[in-house]
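Trainee: One structure follows; several queries about it will come next.
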Amino acid sequence: MTGSKTASTTPVTEGQVLDRPVSTTEKPSVQPPTSDWRTTADELIEEVRRSEILTREDLAIRINARD
Amino acid sequence: MARIIPFAPTDSLTAILELEPPAFSRADPFRQLRYIADYVRSLECRSLVIEDHYVDRDFIEDYSLFYSRNLQAYPNFCQRVHFFRCESDQTEAELHRLLTDLRKYPAEFKERAAEFSRDRYLGFTVIKPLKGSPVGRTVLSRYPAQPADLPDQERHFSGTRSYTVHLGPVTLSVTGLAFQQQDVGVSACATTALWSALHKVRDFEEIGAPTPAQITTLATRYSLPFGRPIPSDEGLSLDQMCQALQALQVAPHVLHAQRFRTGRSFVYSALRSEFAPVLLVSSETNPEVRHAVTAVGQRLAPFKSPVTPNPVDASERVVAFYVNDDRMGPYVRMNLIERNNRVVLETVRNGNPLDRWLLDFVLLPLHPKIRLPLSGLREIAIRFLRDLYDLQIPLEGPIQYEHWFARTPTYLRELMIDNDESALGVMKRIGEILKLPRYVGIARITTGTGKIDLLVDSTSTMKNLHCLAVVAIVSKPIDCSELARRYRCEYITSQGG
């Protein structure tokens with residue numbers, strides 16, 4: 001992750017990376033995804049689009065958890 | 001005037017600071033202070049330096065607006081407690097040595113102070129003269145990147161920043177994100193969560209440093225659905241939180257985050273973008289109780305190759321988020337749980353689960369130039385991957401996808417650090433042919449042989465999206481030029497294509 005992989009005593013170093021390199025010992029494979037992945041992808045896109053729709057009621061929610 | 005005292009494993013900060021609870025307290029006023037003591041102890045704190053007269057910018061503003069008008073005269077100053085990872089005599093000796101260095105080797109003083117900070121300094125907490133809510137601005141060093149309990153996991157605190165601290169003439173530094181306890185005078189949890197998140201925004205952008213009192217005032221300027229704003233015992237609405245951000249020239253970007261995969265991905269990507277998102281949650285047992293916390297980091301499990309050839313969402317690695325929770329403390333662990341397709345966040349204290357919250361919304365304080373929604377960037381990443389498959393571009397597994405915003409220099413630096421020599425040519429080519437915005441949107445597909453990034457202009461919108469380039473840094477040649485033509489953007493590859 002950019003600027004984030006840090007030890008408690010080490011300042012953030014920009015450019016450090018989040019993603020763990022994919023193991024090179026794994027057997028390489030060039031395979032298409034299964035058909036159900038396409039369905040999943042469509043569902044995820046639909047979820048993402050719905051996430052953007054806010055209503056007046058959403059904005060009116062009251063955040064008041066007491067200490 | 002500062003005093004140095006030892007901090008033994010059994011010592012209590014409440015006792016050291018001689019704090020007494022107020023009458024008729026509804027909740028334990030020292031819960032956060034105890035959390036802080038336990039936290040610094042876990043980072044091997046051995047000594048304290050206490051400044052008995054410290055003028056804190058946030059408290060003086062709260063004092064001016066609220067506490068100065070009480071019948072009882074509160075002091076307008078605080079105490080500040082610094083935490084050190086060495087015995088008190090060593091702390092004293094080290095600070096004395098730094099003062100000597102300042103006189104003898106002024107040119108090297110900064111470097112030596114930085115070294116001392118890195119090795120010994122754990123941060124500070126401001127103690128307000130309020131018996132019921134003593135914990136003021138607190139910045140503590142983060143947990144180590146590698147957890148002791150599960151060393152194959154990783155902690156990433158990308159929602160933190162560096163703070164400079166002056167202890168007399170000595171300049172110390174600590175990396176963390178500011179935390180404080182709600183006082184229910186000028187701030188409740190919503191205000192405090194925004195205050196924390198805005199501290200991170202100030203890491204990159206030149207916005208003012210709003211105090212909790214100012215945030216509450218800005219949030220309640222145009223709308224008072226729950227009555228009087230101060231004392232702020234009624235909390236804020238999501239609308240009011242957005243109003244406060246807008247007034248501070250920060251764009252409030254709100255997303256529904258109820259669905260598990262999508263909600264998890266939003267928080268992961270926001271942290272990957274080095275934002276500190278505000279998480280709006282509701283109690284699992286009483287949905288009427290809503291709370292706001294600021295996410296500062298996440299705990300990731302190692303990548304596991306999937307059983308099927310299907311691509312994996314990089315956010316699947318998230319095990320827990322770390323949040324600043326004004327009811328408890330900084331960097332509180334919240335385990336990520338899926339239940340009924342909802343994101344459930346389980347608060348953990350000393351390894352024990354405390355309570356559970358359902359994630360409802362993610363509120364991102366964004367630079368106004370980022371017009372593209374984080375949700376839109378996720379859609380782009382999924383569709384980008386689908387297009388790669390449709391064009392039958394050979395992608396060696398295992399395949400991961402993710403998306404985030406990065407400041408352009410940060411993205412370029414990451415390319416350089418994360419890759420071999422071939423990335424230098426890619427970076428040069430990007431500099432030669434692309435006009436890059438302040439923030440770039442990145443949809444990344446990581447394969448067994450490298451990375452394919454789609455760079456998009458974050459100042460554009462989903463309706464009129466401007467793709468900048470497809471960037472392939474791969475060890476085996478692949479051809480994504482058709483895809484770049486489809487997106488009407490440049491194609492830059494480490495294979496010299």
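Note on naming: chains are A, B, ... as they come in the structure tokens, residues start from 1 per chain, ligands start from 1 in the order shown.
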Counting only C-alpha atoms, what are the residues of chain B within 6 Å of chain A, and for each of them which pair of atoms is the nearest and at what distance in Å, to one decimal? Sort the table by chain and rising number, as a tab-separated table.

Mentor:
residue	atom	partner	partner_atom	distance
B:Arg118	CA	A:Thr9	CA	5.0
B:Ser141	CA	A:Ser8	CA	5.7
B:Arg142	CA	A:Ser8	CA	4.6
B:Tyr143	CA	A:Ser8	CA	5.1
B:Pro144	CA	A:Ala7	CA	4.3
B:Ala145	CA	A:Ala7	CA	4.5
B:His156	CA	A:Lys5	CA	4.9
B:Phe157	CA	A:Ser4	CA	5.4
B:Ser158	CA	A:Ser4	CA	4.3
B:Gly235	CA	A:Asn64	CA	4.3
B:Leu236	CA	A:Ile63	CA	5.5
B:Ser237	CA	A:Arg62	CA	4.3
B:Leu238	CA	A:Leu59	CA	4.9
B:Asp239	CA	A:Leu59	CA	4.7
B:Leu255	CA	A:Ser51	CA	5.5
B:His256	CA	A:Ser51	CA	4.5
B:Arg272	CA	A:Met1	CA	5.7
B:Val289	CA	A:Ala65	CA	5.7
B:Arg290	CA	A:Ile63	CA	4.9
B:His291	CA	A:Ala65	CA	5.0
B:Pro309	CA	A:Pro33	CA	5.4
B:Asn310	CA	A:Pro33	CA	4.6
B:Arg327	CA	A:Asp67	CA	5.1
B:Ser375	CA	A:Val48	CA	5.6
B:Glu379	CA	A:Ile45	CA	5.5
B:Pro394	CA	A:Val30	CA	5.9
B:Leu395	CA	A:Val30	CA	5.5
B:Glu396	CA	A:Val30	CA	4.5
B:Gly397	CA	A:Ser29	CA	5.2
B:Arg413	CA	A:Gly15	CA	5.1
B:Glu414	CA	A:Gly15	CA	4.0

Trainee: Just the strand (DSSP E or B) stuff from stretch 107-227 of chain B, please, per backbone DSSP, written as a PyMOL selection string.

Mentor: chain B and resi 121-127+135-140+154-156+161-167+170-176+179

Trainee: Atom CA of B:Ser475 and atom CA of B:Met427 are how many Å apart?

Mentor: 16.2 Å

Trainee: Please, which residues of stretch 418-461 of chain B, numbered as in this document, come out helix (DSSP H, G or I) from DSSP, as a list of chain:residue names?

Mentor: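 Selection result, helix (DSSP H, G or I) within stretch 418-461 of chain B: B:Asp418, B:Ser422, B:Ala423, B:Leu424, B:Gly425, B:Val426, B:Met427, B:Lys428, B:Arg429, B:Ile430, B:Gly431, B:Glu432, B:Ile433.
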
Trainee: Compile the contact shell of B:Leu177 as JSON, numbers by chain: residues with an atom at most 7 Å away, counting only C-alpha atoms, same-chain residues fewer than 2 positions apart removed.

Mentor: {"B": [139, 160, 161, 179, 196]}

Trainee: Leaving out B:Ala2 and any residue of its chain fewer than 3 positions from it, which residues lie within 8 Å of it when counting only C-alpha atoms, given as a list in words?

Mentor: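 Here the qualifying residues turn out to be Val49, Ile50, Glu51 and Asp52 of chain B.
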
Trainee: Please report the interatomic distance between atom CA of B:Ile215 and atom CA of B:Glu284 in Å with one decimal.

Mentor: 28.1 Å

Trainee: Could you pull the residues within 12 Å of B:Gly168, counting only C-alpha atoms, minus those fewer than 3 positions along the same chain, as a PDB file with C-alpha atoms, in the first residue's frame?

Mentor:
ATOM      1  CA  MET B   1       8.262  23.088  33.037  1.00  0.00           C
ATOM      2  CA  ALA B   2       8.440  19.352  32.551  1.00  0.00           C
ATOM      3  CA  ARG B   3       9.016  16.446  34.889  1.00  0.00           C
ATOM      4  CA  VAL B  49       7.548  13.421  30.533  1.00  0.00           C
ATOM      5  CA  ILE B  50       4.750  15.596  31.880  1.00  0.00           C
ATOM      6  CA  GLU B  51       4.361  19.241  30.914  1.00  0.00           C
ATOM      7  CA  TYR B  54       0.472  23.254  28.048  1.00  0.00           C
ATOM      8  CA  LEU B  95      17.098  14.660  26.389  1.00  0.00           C
ATOM      9  CA  HIS B  96      20.096  16.216  28.123  1.00  0.00           C
ATOM     10  CA  LEU B  98      20.150  16.373  22.736  1.00  0.00           C
ATOM     11  CA  LEU B  99      20.372  19.760  24.450  1.00  0.00           C
ATOM     12  CA  LEU B 102      22.012  21.552  20.102  1.00  0.00           C
ATOM     13  CA  VAL B 165       6.253  17.885  18.647  1.00  0.00           C
ATOM     14  CA  THR B 171      11.901  18.741  18.243  1.00  0.00           C
ATOM     15  CA  LEU B 172      10.452  15.248  18.291  1.00  0.00           C
TER      16      LEU B 172
END

Trainee: Looking at only C-alpha atoms, which of B:Glu87, B:Ser133, B:Ile382, B:Val293 is the one that sits closest to A:Thr39?

Mentor: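 Ranked by minimum distance to A:Thr39, first place goes to B:Ile382.
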
Trainee: Env of B:Pro306: 10 Å cut, atoms = only C-alpha atoms, seq-sep filter 2 positions within chain, self excluded. Answer as a list in words.

Mentor: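 Here the qualifying residues turn out to be Phe303, Lys304, Thr308, Pro309, Asn310, Pro311, Val312, Gly397, Pro398, Ile399 and Gln400 of chain B.
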
Trainee: Convert the current residue selection to file output with C-alpha atoms, as a PDB file, in the first residue's frame.

Mentor:
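Resulting contents of part39.pdb:
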ATOM      1  CA  PHE B 303      -2.691 -13.552  -0.401  1.00  0.00           C
ATOM      2  CA  LYS B 304      -4.065 -17.021  -1.033  1.00  0.00           C
ATOM      3  CA  THR B 308     -10.843 -21.478  -9.275  1.00  0.00           C
ATOM      4  CA  PRO B 309      -9.223 -19.418 -12.039  1.00  0.00           C
ATOM      5  CA  ASN B 310     -11.481 -16.531 -11.061  1.00  0.00           C
ATOM      6  CA  PRO B 311      -9.933 -13.188 -10.161  1.00  0.00           C
ATOM      7  CA  VAL B 312      -9.783 -12.166  -6.524  1.00  0.00           C
ATOM      8  CA  GLY B 397      -3.119 -16.518 -12.657  1.00  0.00           C
ATOM      9  CA  PRO B 398      -3.557 -15.908  -9.841  1.00  0.00           C
ATOM     10  CA  ILE B 399      -5.287 -12.639 -10.652  1.00  0.00           C
ATOM     11  CA  GLN B 400      -6.139  -9.832  -8.220  1.00  0.00           C
TER      12      GLN B 400
END
